[in-house]
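Undergrad: First the structure, then my questions, so here it is.
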Amino acid sequence: MLIVRTLNKYDCDVLIAGGGPAGSGLAFHLASQGYKVIVVDAESFPRDKVCGDGVSPIALAELQAMGITQTEKFASTNEIKQVGLFIKNDKVIINLSKPDHLPFHAHIIPRVELDQWIVSAAQKAGATYLENTRVTGFEIRSGVAIAQLKQGRKNFTLNAKMIVGADGSRSVVARQLNGKPPDSEFQLVGLRAYYEKVNGPTDRVDIYFSEESFPGIFWMFPKGPAGANIGMAMVSKTLPTKTADVKQLLINHIARNKDIRERIGNGQMEGKIMGWPITFYNSKTRIIGDRVLLAGDAAGLINPLSGDGIQYALLSARWAAETISHCLQANDLSVNGLQSYQRRVNAELGYDFALSNLLVQFPRNRSLSKLWMTILEVMIARAKQDPKYADTIAGIFEGTYPSYKALNASFILNSVKQGATEFSEGFKKAMGQPGGLIATGLQATESITALLSELSTYQKDHIDWMKNTLGKTAKVAAHIITRMNANGR
């Protein structure tokens with residue numbers, strides 16, 4: 001029998017859509033191994049990206065392996081050694097610990113600098129960049145991935161052995177692979193503004209919790225001697241549905257919060273407030289297909305608790321490179337051949353992201369906002385007394401520890417103990433004041449009445465929230481069982 005095979009001519013081994021940390025990180029790893037890589041980016045470098053600019057210790061370890069942290073430019077970036085947590089009239093300042101296997105504390109590096117460093121490393125390794133060019137779609141045929149590109153008014157195609165979507169939360173490649181845009185349930189919205197001539201300390205990031213924006217956080221990340229990235233991130237879909245002007249929330253926070261006003265001092269905003277969508281991990285989303293793979297934000301590899309995406313972009317770049325290199329050598333770029341990448345993401349991030357999604361799911365119910373804020377107050381009160389407890393909380397926000405580290409018996413027990421202490425002290429205070437117990441009882445009655453009214457008015461929303469919460473709880477339970485079985489317990 002005569003078998004006719006199509007002889008494909010390739011423009012590159014791998015075409016990567018997007019030149020951010022995930023795309024350029026992957027380009028560096030593959031080009032360093034001698035593969036022909038083309039990176040397509042809609043803008044020209046150096047270019048800015050709206051981001052919190054925090055680069056975690058784990059992300060810095062990835063950059064060190066790429067030779068980036070050994071430069072003078074990196075040495076001049078701002079190192080973070082403390083984190084401040086603020087809520088209402090309470091706060092705690094935590095000294096950050098650094099595990100021995102990690103080379104640095106977190107740094108604040110504006111994306112206009114960070115992305116350019118990774119691009120330069122990839123280009124030095126041999127990667128080719130097509131700037132001011134967009135990937136508008138792709139087609140998979142026998143033995144080839146055909147990328148459809150637009151550069152100005154020019155439309156053209158390139159043939160690659162495979163295509164990687166690293167084109168962010170609005171990824172064209174991800175949308176085509178999955179046949180739909182990301183689910184709004186798995187989205188955050190972020191805003192940031194740059195300020196100059198602010199007050200120190202320069203080695204401390206501050207995180208602020210406020211009932212009006214919860215579930216969400218405000219931050220102040222100092223990026224140098226007198227500059228700072230000030231912003232906020234909040235979950236897009238909350239229940240009951242209550243429209244909020246997110247930009248106005250940030251403006252009000254900057255104007256009214258005494259703690260951040262103290263940090264800003266006479267500082268002034270440079271430029272304007274910028275916003276961006278953040279899509280976090282949905283286990284139902286496809287991240288691989290025949291000759292197609294997603295990395296970084298395009299794959300939803302963002303932690304919804306911290307909003308950190310740079311760490312996971314760089315990690316997924318390395319994991320993707322390992323899989324793609326093996327598949328290229330084996331000449332098997334099918335969805336089955338790329339499964340090792342899917343398994344790696346599940347093994348490394350599945351449990352952490354499932355728990356993070358569950359923890360974010362609870363405060364989506366804004367009818368219970370007072371309860372969630374009370375829990376945060378208890379945690380901050382405990383952190384002031386217990387350095388180990390504080391280190392765990394700070395490590396989760398810094399990106400040093402996975403979120404499931406918080407879900408251990410000691411952490412939960414200490415949280416419950418602190419809650420009991422706070423309740424006891426509040427009761428004693430009420431008893432010691434004329435009419436205090438009555439006033440406290442009236443406040444409690446008003447809160448319960450308001451909650452019952454919300455439950456009645458938005459009954460369907462609350463039922464849907466409960467179903468969703470139970471579903472996410474089941475996913476976390478499945479991960480726990482899998483881990484226990486793997487450990488032979």
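Residues are referred to by chain and number: the chain letter is A, B, ... according to the order shown in the structure tokens, the number counts from 1 in that chain, and ligands are numbered separately from 1 in the order shown.
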To test your reading of the structure, identify every residue in stretch 159-237 of chain A that backbone DSSP assigns to strand (DSSP E), and report it as number ranges by chain.

TA: A: 159-165, 187-196, 204-209, 216-222, 227-235

Undergrad: For A:Lys197, please output as a list of chain:residue names all residues within 6 Å (counting only C-alpha atoms; exclusion window: fewer than 3 positions along the same chain).

TA: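 Surrounding residues, per the criterion: A:Ala226, A:Gly227, A:Gly267.
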
Undergrad: Only N, CA and C atoms, please: the residues just picked out, written as a PDB file, in the first residue's frame.

TA:
```pdb
ATOM      1  N   ALA A 226      11.073  56.622  46.531  1.00  0.00           N
ATOM      2  CA  ALA A 226       9.964  57.555  46.728  1.00  0.00           C
ATOM      3  C   ALA A 226       8.765  57.254  45.836  1.00  0.00           C
ATOM      4  N   GLY A 227       8.747  56.110  45.182  1.00  0.00           N
ATOM      5  CA  GLY A 227       7.638  55.770  44.291  1.00  0.00           C
ATOM      6  C   GLY A 227       6.878  54.567  44.795  1.00  0.00           C
ATOM      7  N   GLY A 267       2.795  62.955  48.399  1.00  0.00           N
ATOM      8  CA  GLY A 267       3.004  62.336  47.098  1.00  0.00           C
ATOM      9  C   GLY A 267       1.880  62.639  46.124  1.00  0.00           C
TER      10      GLY A 267
END
```

Undergrad: Can you work out the spacing between atom CA of A:Val39 and atom CA of A:Ile118 in Å, to one decimal?

TA: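 Straight-line distance from atom CA of A:Val39 to atom CA of A:Ile118 works out to 12.3 Å.
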
Undergrad: Any chance you could list, as a list in words, the residues in stretch 155-272 of chain A that come up alpha helix (DSSP H) when DSSP is run on the backbone?

TA: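 Those residues are Val172, Val173, Ala174, Arg175, Gln176, Leu177, Asn178, Val246, Lys247, Gln248, Leu249, Leu250, Ile251, Asn252, His253, Ile254, Ala255, Arg256, Lys258, Asp259, Ile260, Arg261, Glu262, Arg263 and Ile264 of chain A.
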
Undergrad: Keeping N, CA and C atoms for every residue in the selection just given, could you write it to a file as a PDB file, in the first residue's frame?

TA:
```
ATOM      1  N   VAL A 172      -6.592  35.155  22.798  1.00  0.00           N
ATOM      2  CA  VAL A 172      -7.268  34.718  21.579  1.00  0.00           C
ATOM      3  C   VAL A 172      -7.122  33.204  21.412  1.00  0.00           C
ATOM      4  N   VAL A 173      -5.933  32.702  21.718  1.00  0.00           N
ATOM      5  CA  VAL A 173      -5.675  31.267  21.574  1.00  0.00           C
ATOM      6  C   VAL A 173      -6.546  30.468  22.548  1.00  0.00           C
ATOM      7  N   ALA A 174      -6.643  30.932  23.788  1.00  0.00           N
ATOM      8  CA  ALA A 174      -7.467  30.238  24.786  1.00  0.00           C
ATOM      9  C   ALA A 174      -8.938  30.253  24.402  1.00  0.00           C
ATOM     10  N   ARG A 175      -9.383  31.370  23.901  1.00  0.00           N
ATOM     11  CA  ARG A 175     -10.801  31.471  23.520  1.00  0.00           C
ATOM     12  C   ARG A 175     -11.129  30.506  22.385  1.00  0.00           C
ATOM     13  N   GLN A 176     -10.225  30.389  21.393  1.00  0.00           N
ATOM     14  CA  GLN A 176     -10.481  29.464  20.288  1.00  0.00           C
ATOM     15  C   GLN A 176     -10.372  28.017  20.754  1.00  0.00           C
ATOM     16  N   LEU A 177      -9.403  27.729  21.608  1.00  0.00           N
ATOM     17  CA  LEU A 177      -9.227  26.365  22.102  1.00  0.00           C
ATOM     18  C   LEU A 177     -10.449  25.898  22.880  1.00  0.00           C
ATOM     19  N   ASN A 178     -11.026  26.802  23.685  1.00  0.00           N
ATOM     20  CA  ASN A 178     -12.152  26.435  24.540  1.00  0.00           C
ATOM     21  C   ASN A 178     -13.509  26.740  23.913  1.00  0.00           C
ATOM     22  N   VAL A 246     -15.706  50.391  40.486  1.00  0.00           N
ATOM     23  CA  VAL A 246     -14.429  49.940  41.050  1.00  0.00           C
ATOM     24  C   VAL A 246     -13.419  51.083  41.104  1.00  0.00           C
ATOM     25  N   LYS A 247     -13.371  51.879  40.059  1.00  0.00           N
ATOM     26  CA  LYS A 247     -12.434  53.006  40.047  1.00  0.00           C
ATOM     27  C   LYS A 247     -12.717  53.959  41.197  1.00  0.00           C
ATOM     28  N   GLN A 248     -14.000  54.206  41.461  1.00  0.00           N
ATOM     29  CA  GLN A 248     -14.359  55.104  42.556  1.00  0.00           C
ATOM     30  C   GLN A 248     -13.992  54.501  43.909  1.00  0.00           C
ATOM     31  N   LEU A 249     -14.077  53.170  44.024  1.00  0.00           N
ATOM     32  CA  LEU A 249     -13.660  52.520  45.266  1.00  0.00           C
ATOM     33  C   LEU A 249     -12.193  52.817  45.564  1.00  0.00           C
ATOM     34  N   LEU A 250     -11.338  52.742  44.539  1.00  0.00           N
ATOM     35  CA  LEU A 250      -9.917  53.026  44.744  1.00  0.00           C
ATOM     36  C   LEU A 250      -9.711  54.490  45.081  1.00  0.00           C
ATOM     37  N   ILE A 251     -10.400  55.381  44.373  1.00  0.00           N
ATOM     38  CA  ILE A 251     -10.269  56.817  44.655  1.00  0.00           C
ATOM     39  C   ILE A 251     -10.688  57.116  46.092  1.00  0.00           C
ATOM     40  N   ASN A 252     -11.815  56.539  46.528  1.00  0.00           N
ATOM     41  CA  ASN A 252     -12.302  56.770  47.896  1.00  0.00           C
ATOM     42  C   ASN A 252     -11.328  56.217  48.926  1.00  0.00           C
ATOM     43  N   HIS A 253     -10.772  55.036  48.635  1.00  0.00           N
ATOM     44  CA  HIS A 253      -9.816  54.426  49.555  1.00  0.00           C
ATOM     45  C   HIS A 253      -8.597  55.332  49.745  1.00  0.00           C
ATOM     46  N   ILE A 254      -8.067  55.840  48.664  1.00  0.00           N
ATOM     47  CA  ILE A 254      -6.890  56.707  48.739  1.00  0.00           C
ATOM     48  C   ILE A 254      -7.223  57.994  49.482  1.00  0.00           C
ATOM     49  N   ALA A 255      -8.436  58.505  49.299  1.00  0.00           N
ATOM     50  CA  ALA A 255      -8.817  59.776  49.915  1.00  0.00           C
ATOM     51  C   ALA A 255      -9.159  59.647  51.394  1.00  0.00           C
ATOM     52  N   ARG A 256      -9.753  58.497  51.788  1.00  0.00           N
ATOM     53  CA  ARG A 256     -10.332  58.406  53.132  1.00  0.00           C
ATOM     54  C   ARG A 256      -9.556  57.525  54.106  1.00  0.00           C
ATOM     55  N   LYS A 258      -6.882  56.566  56.428  1.00  0.00           N
ATOM     56  CA  LYS A 258      -5.826  57.333  57.091  1.00  0.00           C
ATOM     57  C   LYS A 258      -4.468  56.650  57.003  1.00  0.00           C
ATOM     58  N   ASP A 259      -4.461  55.317  56.979  1.00  0.00           N
ATOM     59  CA  ASP A 259      -3.191  54.592  56.930  1.00  0.00           C
ATOM     60  C   ASP A 259      -2.477  54.794  55.597  1.00  0.00           C
ATOM     61  N   ILE A 260      -3.233  54.724  54.516  1.00  0.00           N
ATOM     62  CA  ILE A 260      -2.569  54.917  53.225  1.00  0.00           C
ATOM     63  C   ILE A 260      -2.289  56.396  52.979  1.00  0.00           C
ATOM     64  N   ARG A 261      -3.123  57.287  53.526  1.00  0.00           N
ATOM     65  CA  ARG A 261      -2.841  58.715  53.395  1.00  0.00           C
ATOM     66  C   ARG A 261      -1.523  59.057  54.086  1.00  0.00           C
ATOM     67  N   GLU A 262      -1.262  58.388  55.201  1.00  0.00           N
ATOM     68  CA  GLU A 262      -0.007  58.598  55.918  1.00  0.00           C
ATOM     69  C   GLU A 262       1.176  58.161  55.065  1.00  0.00           C
ATOM     70  N   ARG A 263       1.018  57.034  54.342  1.00  0.00           N
ATOM     71  CA  ARG A 263       2.095  56.557  53.475  1.00  0.00           C
ATOM     72  C   ARG A 263       2.292  57.479  52.269  1.00  0.00           C
ATOM     73  N   ILE A 264       1.207  57.984  51.718  1.00  0.00           N
ATOM     74  CA  ILE A 264       1.305  58.841  50.534  1.00  0.00           C
ATOM     75  C   ILE A 264       1.879  60.206  50.894  1.00  0.00           C
TER      76      ILE A 264
END
```

Undergrad: Identify, on the basis of only C-alpha atoms, every residue whose closest approach to A:Thr71 does not exceed 10 Å; exclude the query and any residue fewer than 5 positions from it along the same chain; express the result as a list of chain:residue names.

TA: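 Selected residues are A:Gln64, A:Ser76, A:Trp117.
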
Undergrad: Find the residue from A:Lys272, A:Lys154, A:Arg364, A:Arg141 that sits nearest to A:Asp290; use only C-alpha atoms when measuring.

TA: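 Answer, going by the shortest atom-to-atom distance: A:Arg141.
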
Undergrad: Residues within 8 Å of A:Val135, please, as a PyMOL selection string. Count only C-alpha atoms; anything in the same chain fewer than 4 positions from it doesn't count.

TA: chain A and resi 17+40+147-150+172-173

Undergrad: Take the residues just selected and output them with N, CA and C atoms as an mmCIF file, in the first residue's frame.

TA:
```
data_model
loop_
_atom_site.group_PDB
_atom_site.id
_atom_site.type_symbol
_atom_site.label_atom_id
_atom_site.label_comp_id
_atom_site.auth_asym_id
_atom_site.auth_seq_id
_atom_site.Cartn_x
_atom_site.Cartn_y
_atom_site.Cartn_z
ATOM 1 N N ALA A 17 2.233 33.103 21.181
ATOM 2 C CA ALA A 17 1.438 34.324 21.175
ATOM 3 C C ALA A 17 1.597 35.006 22.531
ATOM 4 N N VAL A 40 5.222 36.341 19.106
ATOM 5 C CA VAL A 40 4.400 37.393 18.494
ATOM 6 C C VAL A 40 3.771 38.221 19.601
ATOM 7 N N ALA A 147 -0.699 29.648 12.240
ATOM 8 C CA ALA A 147 -1.082 30.840 12.997
ATOM 9 C C ALA A 147 -1.492 31.941 12.029
ATOM 10 N N GLN A 148 -2.637 32.541 12.290
ATOM 11 C CA GLN A 148 -3.122 33.668 11.489
ATOM 12 C C GLN A 148 -2.737 34.962 12.192
ATOM 13 N N LEU A 149 -1.992 35.819 11.489
ATOM 14 C CA LEU A 149 -1.400 37.005 12.092
ATOM 15 C C LEU A 149 -1.849 38.282 11.389
ATOM 16 N N LYS A 150 -1.834 39.373 12.147
ATOM 17 C CA LYS A 150 -2.149 40.690 11.593
ATOM 18 C C LYS A 150 -1.102 41.691 12.071
ATOM 19 N N VAL A 172 -6.592 35.155 22.798
ATOM 20 C CA VAL A 172 -7.268 34.718 21.579
ATOM 21 C C VAL A 172 -7.122 33.204 21.412
ATOM 22 N N VAL A 173 -5.933 32.702 21.718
ATOM 23 C CA VAL A 173 -5.675 31.267 21.574
ATOM 24 C C VAL A 173 -6.546 30.468 22.548
#
```

Undergrad: Which is closer to A:Arg318 than all the others in A:Ala295, A:Ile230, A:Val144, A:Val378, using only C-alpha atoms?

TA: A:Ala295

Undergrad: Show me, as a count of residues only, the residues that have an atom within 12 Å of A:Ala31 when counting only C-alpha atoms, minus same-chain residues fewer than 6 positions from it.

TA: 24

Undergrad: Given only C-alpha atoms as the basis, pick out the residue of A:Asp352, A:Cys51, A:Met379, A:Ile481 nearest to A:Gly231.

TA: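 Answer, going by the shortest atom-to-atom distance: A:Cys51.
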